[in-house]
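Visitor: Submitted below is the structure of interest, expressed as structure tokens.
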Amino acid sequence: MNLHEYQGKELLSKYGVKIQRGIVATTPEEAVEAAKKLTEETETGWHVIKAQVHAGGRGKGGGVKLAKNLDQVKEIANDIIGMQLVTPQTSAEGKKVHQVLVAEDVYYPGDSEPEEFYVSVLLNRANGTNMIMYSPEGGMDIEEVAESMPDKIFTEEIDPAVGLQGFQARRVAFNLGLSGQAFKEMVKFVHSLYNAYVGADASMFEINPVLKTSDNQIMAVDSKVTLDDNAMYRHKDLAELRDKREEDPTEVEAGEAGLNFVKLDGNVGCMVNGAGLAMATMDMIKQAGGSPANFLDVGGTADAERVEKAFRIILKDDNVDAILVNIFGGIVRCDRVAQGIIDAYKNMGDAIKVPIIVRLQGTNAVEAKEMIDGSGLKVHSAITLEEAATKVKEVLS
């Protein structure tokens with residue numbers, strides 16, 4: 001589950017991370033009031049207006065702008081709220097901006113020049129450890145830094161059973177070229193950031209940039225936070241931060257129906273039980289000359305109601321030219337799945353306008369194929385993967 005910048009900053013603040021303070025606004029008028037309140041609390045004269053969407057690179061798309069007075073605050077907020085923000089991390093359609101964060105200006109003059117760094121905490125799936133990735137080249141896309149300046153990317157592996165050690169936090173501050181008060185502040189920042197990552201059961205905390213202010217304070221100017229969905233039962237308060245407007249409506253609907261669904265950009269809809277089988281099915285579709293339109297795992301049950309819901313979700317994609325149902329009858333018998341498909345098909349009537357290939361393997365697979373073939377419906381049955389692939393190729397051609 002992704003968080004907005006302002007939500008991530010609020011979470012970081014609870015763990016002692018210094019943040020660039022801000023107030024969320026949903027209208028230009030609210031943005032002006034937020035700016036006035038920030039000026040009273042922080043004495044900031046300028047304000048940064050930031051679009052709140054689940055995507056990076058907002059500045060490149062015109063979603064982050066500096067306002068030097070209240071009139072500009074209102075004007076910029078009016079331009080950003082409601083816009084379709086297109087960034088390097090969105091589709092060509094972009095994302096609609098529903099709210100902005102009015103933040104204080106933290107690039108004020110002082111005894112030293114401000115510096116920007118990149119710091120993230122994430123899971124290293126290769127070895128099962130947590131990892132701090134950081135770079136002195138903050139404010140840039142980390143992908144660009146990795147490609148053009150790989151020597152500027154540092155990592156710190158952390159054993160979850162032991163936790164972040166003091167020498168590791170100090171090494172981060174040292175590699176970032178800090179000294180004196182800024183060095184001490186960065187050590188505190190790294191410890192607090194790691195505690196937030198562990199405490200929230202996160203998959204990633206990315207802060208870009210981390211700012212060393214002109215008076216040697218270390219703070220998070222931005223935040224990109226991804227929480228582990230599997231741990232949300234332990235964090236009811238964090239689960240409430242979910243913004244469904246930022247997610248694909250079809251995926252939200254599928255989740256509410258208990259279906260594991262991810263929308264893709266292909267032309268063959270998939271309905272499978274089991275994640276591993278789903279991946280194999282997608283490979284098979286590619287080999288047959290098609291392209292998967294989705295990942296959909298119906299789980300261990302496939303009754304008529306569940307199958308019908310899955311069909312309706314798949315068919316919301318106008319790009320779907322065929323549907324492949326690939327079920328292994330282990331937990332559930334194939335004949336029961338076949339009956340569910342037949343009932344769902346009849347119940348949906350003319351709603352199904354594309355060919356359906358059904359491959360059932362496992363307990364009572366032969367009986368299931370006989371049921372499908374004798375149903376009188378426009379459904380192509382198969383037992384082997386090769387046979388299913390051939391039928392997919394036939395219907396697409």
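Following the order of the structure tokens, first chain is A, next is B, and so on, with residues numbered from 1 inside each chain and ligands from 1 in the order they appear.
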Fewer than 4 positions away in the same chain doesn't count, so skip those; otherwise give me all residues within 10 Å of A:Glu75, counting only C-alpha atoms, as JSON, numbers by chain.

Guide: {"A": [28, 29, 31, 32, 67, 70, 71, 79, 80]}

Visitor: Write out as an MDAnalysis selection string each polymer residue whose atoms come within 7 Å of A:Ile357, counting only C-alpha atoms; drop sequence neighbours fewer than 3 positions from it.

Guide: chainID A and resid 323:325 379:381 388 391:392

Visitor: Mind checking DSSP for stretch 228-389 of chain A and telling me the helix (DSSP H, G or I) residues as number ranges by chain?

Guide: A: 229-234, 236-239, 244-246, 249-256, 275-287, 304-314, 334-351, 365-373, 385-389

Visitor: Do a neighbour search on A:Val210 at 9 Å with only C-alpha atoms, toss out local chain neighbours closer than 2 positions, and write the hits as a count of residues only.

Guide: 15

Visitor: List every residue of stretch 23-202 of chain A that DSSP, applied to the backbone of this structure, places in strand (DSSP E or B), and write the result as a PyMOL selection string.

Guide: chain A and resi 23-25+47-51+64-67+84-85+95-96+100-104+115-124+129-135+154-158+202

Visitor: What is the atom CA of A:Pro150 to atom CA of A:Gly128 distance in Å?

Guide: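 Rounded to one decimal, the two atoms are 23.2 Å apart.
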
Visitor: Skip stretch 133-135 of chain A itself and residues of its chain fewer than 2 positions away, then list as a ChimeraX atom specification all residues within 9 Å of it, counting only C-alpha atoms.

Guide: /A:117-122,131,137-138,142,145,152-157,172,175-176

Visitor: I'd like to know which of A:Val97, A:Ala368, A:Ala34, A:Leu178 is closest to A:Asn78, using only C-alpha atoms.

Guide: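 Of the candidates, the smallest distance to A:Asn78 is held by A:Val97.
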
Visitor: Could you give me, as a list in words, the residues within 7 Å of A:Ile383, counting only C-alpha atoms and dropping anything in the same chain fewer than 3 positions from it?

Guide: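 These residues fall inside the cut-off: Arg359, Leu360, Gln361 and Glu387 of chain A.
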
Visitor: Given the choices A:Thr281, A:Asn294, A:Asn195, A:Asn69, which gets closest to A:Glu251 if the distance is worked out from only C-alpha atoms?

Guide: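 Of all the options, A:Asn294 lies closest to A:Glu251.
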
Visitor: Tell me, as a ChimeraX atom specification, which residues lie within 9 Å of A:Lys369, counting only C-alpha atoms; anything in the same chain fewer than 2 positions away does not count.

Guide: /A:334-335,338,358-360,364-367,371-374,381-383

Visitor: Can those selected residues be exported to a file as a JSON list (two decimals), in the first residue's frame so that it contains N, CA, C and O atoms?

Guide:
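Saved result, part_2.json, follows:
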```
[["chain", "number", "residue", "atom", "x", "y", "z"],
["A", 334, "CYS", "N", -12.34, -30.42, -10.33],
["A", 334, "CYS", "CA", -12.53, -29.81, -11.64],
["A", 334, "CYS", "C", -14.00, -29.78, -12.06],
["A", 334, "CYS", "O", -14.43, -28.82, -12.72],
["A", 335, "ASP", "N", -14.77, -30.80, -11.73],
["A", 335, "ASP", "CA", -16.17, -30.81, -12.14],
["A", 335, "ASP", "C", -16.96, -29.71, -11.46],
["A", 335, "ASP", "O", -17.89, -29.14, -12.03],
["A", 338, "ALA", "N", -16.08, -26.60, -13.35],
["A", 338, "ALA", "CA", -16.78, -26.60, -14.63],
["A", 338, "ALA", "C", -18.23, -26.17, -14.45],
["A", 338, "ALA", "O", -18.76, -25.38, -15.25],
["A", 358, "VAL", "N", -11.15, -23.07, -21.68],
["A", 358, "VAL", "CA", -11.11, -23.59, -20.31],
["A", 358, "VAL", "C", -10.20, -24.81, -20.27],
["A", 358, "VAL", "O", -10.46, -25.80, -20.94],
["A", 359, "ARG", "N", -9.15, -24.72, -19.50],
["A", 359, "ARG", "CA", -8.25, -25.85, -19.29],
["A", 359, "ARG", "C", -8.36, -26.28, -17.83],
["A", 359, "ARG", "O", -7.98, -25.54, -16.92],
["A", 360, "LEU", "N", -8.87, -27.47, -17.59],
["A", 360, "LEU", "CA", -9.03, -28.01, -16.24],
["A", 360, "LEU", "C", -8.18, -29.27, -16.11],
["A", 360, "LEU", "O", -8.28, -30.18, -16.93],
["A", 364, "ASN", "N", -11.01, -35.20, -11.31],
["A", 364, "ASN", "CA", -12.22, -35.19, -12.15],
["A", 364, "ASN", "C", -12.08, -34.28, -13.37],
["A", 364, "ASN", "O", -13.06, -33.66, -13.80],
["A", 365, "ALA", "N", -10.87, -34.20, -13.93],
["A", 365, "ALA", "CA", -10.66, -33.35, -15.10],
["A", 365, "ALA", "C", -11.42, -33.87, -16.32],
["A", 365, "ALA", "O", -11.97, -33.08, -17.10],
["A", 366, "VAL", "N", -11.44, -35.18, -16.50],
["A", 366, "VAL", "CA", -12.14, -35.75, -17.65],
["A", 366, "VAL", "C", -13.63, -35.46, -17.57],
["A", 366, "VAL", "O", -14.27, -35.05, -18.55],
["A", 367, "GLU", "N", -14.21, -35.64, -16.39],
["A", 367, "GLU", "CA", -15.64, -35.36, -16.20],
["A", 367, "GLU", "C", -15.94, -33.89, -16.45],
["A", 367, "GLU", "O", -16.97, -33.53, -17.02],
["A", 371, "MET", "N", -18.48, -32.11, -19.20],
["A", 371, "MET", "CA", -19.52, -31.15, -18.82],
["A", 371, "MET", "C", -19.44, -29.89, -19.68],
["A", 371, "MET", "O", -20.46, -29.38, -20.15],
["A", 372, "ILE", "N", -18.21, -29.39, -19.90],
["A", 372, "ILE", "CA", -18.02, -28.18, -20.71],
["A", 372, "ILE", "C", -18.44, -28.46, -22.15],
["A", 372, "ILE", "O", -19.19, -27.67, -22.76],
["A", 373, "ASP", "N", -17.99, -29.57, -22.71],
["A", 373, "ASP", "CA", -18.30, -29.90, -24.10],
["A", 373, "ASP", "C", -19.79, -30.12, -24.31],
["A", 373, "ASP", "O", -20.33, -29.83, -25.38],
["A", 374, "GLY", "N", -20.49, -30.66, -23.29],
["A", 374, "GLY", "CA", -21.91, -30.95, -23.43],
["A", 374, "GLY", "C", -22.82, -29.83, -23.00],
["A", 374, "GLY", "O", -24.06, -29.98, -23.02],
["A", 381, "SER", "N", -12.80, -26.34, -24.56],
["A", 381, "SER", "CA", -12.21, -27.04, -23.42],
["A", 381, "SER", "C", -10.88, -27.66, -23.79],
["A", 381, "SER", "O", -10.63, -27.99, -24.95],
["A", 382, "ALA", "N", -10.02, -27.80, -22.79],
["A", 382, "ALA", "CA", -8.72, -28.42, -22.98],
["A", 382, "ALA", "C", -8.29, -29.06, -21.67],
["A", 382, "ALA", "O", -8.78, -28.69, -20.60],
["A", 383, "ILE", "N", -7.37, -30.02, -21.76],
["A", 383, "ILE", "CA", -6.85, -30.66, -20.56],
["A", 383, "ILE", "C", -5.37, -30.35, -20.37],
["A", 383, "ILE", "O", -4.93, -30.03, -19.28]]
```
